[in-house]
Amino acid sequence: MLKNFKTWFSDYAVVWLLPIVILFGWQFLVQFEVIPRRMLPMPTEVLETAWKLLQSGELFKHITVSAQRALTGLLIGGGIAFIVGLVNGMFSPSEKLIDSTLQMVRTVPNLALTPLVILWFGIGDTARIFLISLGVFFPIYLNTFHGVRYVDKGLIEMGRTYGLSRWGLFTQIILPGALPSILVGLRYSLGIMWLTLIVAETIAATAGIGFMTQSAREFMQIDVMFFAVILYAMLGKLADATAKTLERRLLAWHPNYQKA
Amino acid sequence: MDFIVQGTHLIAQGIKKSFATKTVLRGVDLEAERGEFIAIVGKSGCGKSTLLRLLAGLDTPDTGMVWIDGNALQGQNKVARVMFQDARLLPWKKVLYNVGLGVKDDWKPRAREALEHVGLLDRENEWPAVLSGGERQRVALARALITRPPLLLLDEPLGALDALTRIEMQQLLENLWLEHGFTALLITHDVDEAVALADRVILIEEGQIALDVPITLSRPRHRGSAEFAALKGRILNRVMGVNDDRQPSLRVLQSVV
Ligand SMILES: Nc1ncnc2c1ncn2[C@@H]1O[C@H](COP(=O)(O)OP(=O)(O)O)[C@@H](O)[C@H]1O
Ligand SMILES: [Mg+2]
């Protein structure tokens, strides 16, 4: 009994020990004003705020708006990157024409273009989605391109001798062969997607998590600001977990994903 | 006996092939009768795989022609199936789906039947990654035979297997060949394997066919027999460039087999 508890504790519970101590310490420090309340909210306050936002439906509205921006950007940027990566990976004339130009543009951080993008598109959602699209483009492009380029030539030759059409070669050999690499690109671009979203939403938005934070700052609602940070973290984690699940599903054949 | 397929009649005529700086084949003439089993031996780099690729239509000769049942080969050889040293299974398809690759109608029962022929029906739902080397080659063999090809081109398919698995696979290959009746061209670096399986053993040397030995031993062949050993010795001697008819020394033997 005691031994069971011990292993349970040392295996699972112990990782929560430090976070719990920190939370309690934090609550204590703020409650007794060791740290001024306008710098840091109490954990209980943050929870309360979260509950209120949830009940009023405001939270849902902001998350939907933010997620829509993020996913639209991912779909546009990632979609184009995927197609250009495939084409460049399979046809070397197109690679020669396009790849080195893209490699040059790649060195520009997407957020550095923010002022220009605002100039071009104004401060609406178009600018935000453009920045996200730009940010997710390169990881997906590069990994798709490399994935396609380095598919085992022996397998392609085998496919040809076994009577696969061009379409068959593409769907049954090239695409699945490139998939591990493509998914790495996707996971990486999800990180960039959130980062860009966070920055882009602080520019004159009228809804979304970033807007929620900005307006909270004006009214000195430190608890809301804090909650927004946690929300970004949770959404980022969710995206990462989705990507991981996708990998486990789609790459079940891969030795890395097989049970030992 | 509904398995018998008519084997291909194959003629290669004056085949020459060079790569950038290197002439690999300098005029190869080869004829395979319907249902004949030919083994091709030769030192590494002598052009065996190159010849096989030309016969498969994966590459074109600089000069010379390949005739398949009287028709000049153009582009890919549709009647041929190729087996490579690495099984080249698609890692992202389960065994059954690998076997059915490229087969259009009613492929599942046919794939199961082909798997049964190589004794792997119970592994149809495995990923290739979990199979042993020998099992992978058996799956590759099933995949090659599912369409009942009249011509099977084998590029050292058993080269990477351990000795016991290899002998097992040789027997399987021989049985399937006897049953199906396809024409077979087997590249091997194992003279023992060549003598055990083939109707004729061909040696490629300096880009040409240097030796063409019919093997008339009755099947099933016994590797222990004196005739077997004598034939093998003769071919080995020639491969190693020993010109008299002495038995090769044990050291030479081991370094080749
Ligand atoms: N695509 C190629 N380009 C250049 N050289 C090649 C190519 N394919 C084969 N060779 C050369 O031709 C020679 C014969 O190769 P190969 O037919 O693979 O020999 P092996 O008898 O061992 O199968 C080797 O020297 C190899 O380097
Ligand atoms: Mg070879």
# chains A, B, ... in the order shown; residues from 1 in each chain; ligands from 1
>>> closest_atom_pairs(of="chain B", to="ligand 1", cutoff="10 Å", atoms="only C-alpha atoms and all ligand atoms", output="CSV")
residue,atom,partner,partner_atom_place_in_ligand_line,distance
B:Lys17,CA,ligand 1,12 (O),8.9
B:Ser18,CA,ligand 1,12 (O),7.7
B:Phe19,CA,ligand 1,4 (C),4.8
B:Ala20,CA,ligand 1,4 (C),6.3
B:Thr21,CA,ligand 1,4 (C),8.0
B:Lys22,CA,ligand 1,12 (O),7.0
B:Thr23,CA,ligand 1,12 (O),7.6
B:Val24,CA,ligand 1,12 (O),5.4
B:Leu25,CA,ligand 1,14 (C),8.3
B:Ile40,CA,ligand 1,21 (O),9.4
B:Val41,CA,ligand 1,21 (O),8.2
B:Gly42,CA,ligand 1,21 (O),6.5
B:Lys43,CA,ligand 1,21 (O),6.3
B:Ser44,CA,ligand 1,22 (O),3.8
B:Gly45,CA,ligand 1,19 (O),3.4
B:Cys46,CA,ligand 1,21 (O),4.0
B:Gly47,CA,ligand 1,17 (O),3.2
B:Lys48,CA,ligand 1,21 (O),3.7
B:Ser49,CA,ligand 1,23 (O),3.6
B:Thr50,CA,ligand 1,17 (O),3.7
B:Leu51,CA,ligand 1,17 (O),6.5
B:Leu52,CA,ligand 1,17 (O),7.9
B:Arg53,CA,ligand 1,17 (O),8.3
B:Leu54,CA,ligand 1,17 (O),10.0
B:Asp59,CA,ligand 1,1 (N),9.1
B:Asp155,CA,ligand 1,23 (O),7.8
B:Glu156,CA,ligand 1,23 (O),8.7
B:Ile187,CA,ligand 1,23 (O),8.1
B:Thr188,CA,ligand 1,23 (O),9.2
B:His189,CA,ligand 1,22 (O),9.0
B:Ile204,CA,ligand 1,21 (O),8.2
B:Glu205,CA,ligand 1,21 (O),9.3
B:Gly207,CA,ligand 1,14 (C),8.9
>>> interface_residues(of="chain A", to="chain B", cutoff="8 Å", atoms="only C-alpha atoms", output="PyMOL selection string")
chain A and resi 154-155+157-159+161-164+173+176-177+251-255
>>> write_last_selection(atoms="C-alpha atoms", output="short mmCIF file (atom, residue, chain, number, x, y, z; two decimals), in the first residue's frame")
data_model
loop_
_atom_site.label_atom_id
_atom_site.label_comp_id
_atom_site.auth_asym_id
_atom_site.auth_seq_id
_atom_site.Cartn_x
_atom_site.Cartn_y
_atom_site.Cartn_z
CA GLY A 154 14.64 2.92 -55.49
CA LEU A 155 11.00 2.96 -54.45
CA GLU A 157 11.86 2.99 -59.78
CA MET A 158 10.13 -0.01 -58.25
CA GLY A 159 6.77 1.74 -58.62
CA THR A 161 8.32 -1.24 -62.97
CA TYR A 162 5.16 -2.32 -61.17
CA GLY A 163 3.00 -0.37 -63.54
CA LEU A 164 2.01 2.64 -61.44
CA ILE A 173 5.00 6.71 -53.19
CA PRO A 176 3.55 9.26 -48.33
CA GLY A 177 7.35 9.20 -48.58
CA LEU A 251 2.95 7.77 -39.62
CA ALA A 252 1.81 4.62 -37.86
CA TRP A 253 3.93 2.69 -40.34
CA HIS A 254 7.10 4.48 -39.29
CA PRO A 255 9.39 2.50 -36.94
#
>>> residues_around(residues="segment 28-44 of chain A", least_positions_apart="3", cutoff="8 Å", atoms="only C-alpha atoms", output="ChimeraX atom specification")
/A:23-25,47-48,220,222-223,226
>>> write_last_selection(atoms="C-alpha atoms", output="JSON list (two decimals), in the first residue's frame")
[["chain", "number", "residue", "atom", "x", "y", "z"],
["A", 23, "LEU", "CA", 0.86, 28.86, -7.19],
["A", 24, "PHE", "CA", 0.40, 28.90, -3.45],
["A", 25, "GLY", "CA", 3.43, 31.09, -2.95],
["A", 47, "LEU", "CA", -9.66, 31.89, -12.35],
["A", 48, "GLU", "CA", -12.62, 34.05, -11.48],
["A", 220, "MET", "CA", -5.70, 48.06, -16.02],
["A", 222, "ILE", "CA", -4.26, 42.76, -15.01],
["A", 223, "ASP", "CA", -6.19, 39.55, -14.39],
["A", 226, "PHE", "CA", -2.77, 37.35, -17.41]]
>>> residues_around(residues="Leu197 of chain B", least_positions_apart="6", cutoff="8 Å", atoms="only C-alpha atoms", output="mmCIF file with N, CA, C and O atoms, in the first residue's frame")
data_model
loop_
_atom_site.group_PDB
_atom_site.id
_atom_site.type_symbol
_atom_site.label_atom_id
_atom_site.label_comp_id
_atom_site.auth_asym_id
_atom_site.auth_seq_id
_atom_site.Cartn_x
_atom_site.Cartn_y
_atom_site.Cartn_z
ATOM 1 N N PHE B 37 15.505 -20.825 -66.972
ATOM 2 C CA PHE B 37 16.034 -20.165 -65.776
ATOM 3 C C PHE B 37 17.523 -19.913 -66.000
ATOM 4 O O PHE B 37 18.307 -20.859 -66.069
ATOM 5 N N ALA B 39 21.042 -18.018 -64.771
ATOM 6 C CA ALA B 39 21.728 -17.291 -63.705
ATOM 7 C C ALA B 39 22.879 -16.513 -64.313
ATOM 8 O O ALA B 39 23.569 -17.003 -65.206
ATOM 9 N N GLN B 170 15.767 -20.046 -51.920
ATOM 10 C CA GLN B 170 16.104 -20.648 -53.212
ATOM 11 C C GLN B 170 15.114 -21.757 -53.547
ATOM 12 O O GLN B 170 14.641 -21.864 -54.677
ATOM 13 N N GLU B 174 12.554 -21.817 -56.659
ATOM 14 C CA GLU B 174 12.543 -22.921 -57.622
ATOM 15 C C GLU B 174 11.133 -23.517 -57.744
ATOM 16 O O GLU B 174 10.639 -23.742 -58.845
#
>>> select_by_dssp(residues="segment 86-188 of chain B", states="strand (DSSP E or B)", output="list of chain:residue names")
B:Leu151, B:Leu152, B:Leu153, B:Leu154, B:Asp155, B:Thr183, B:Ala184, B:Leu185, B:Leu186, B:Ile187
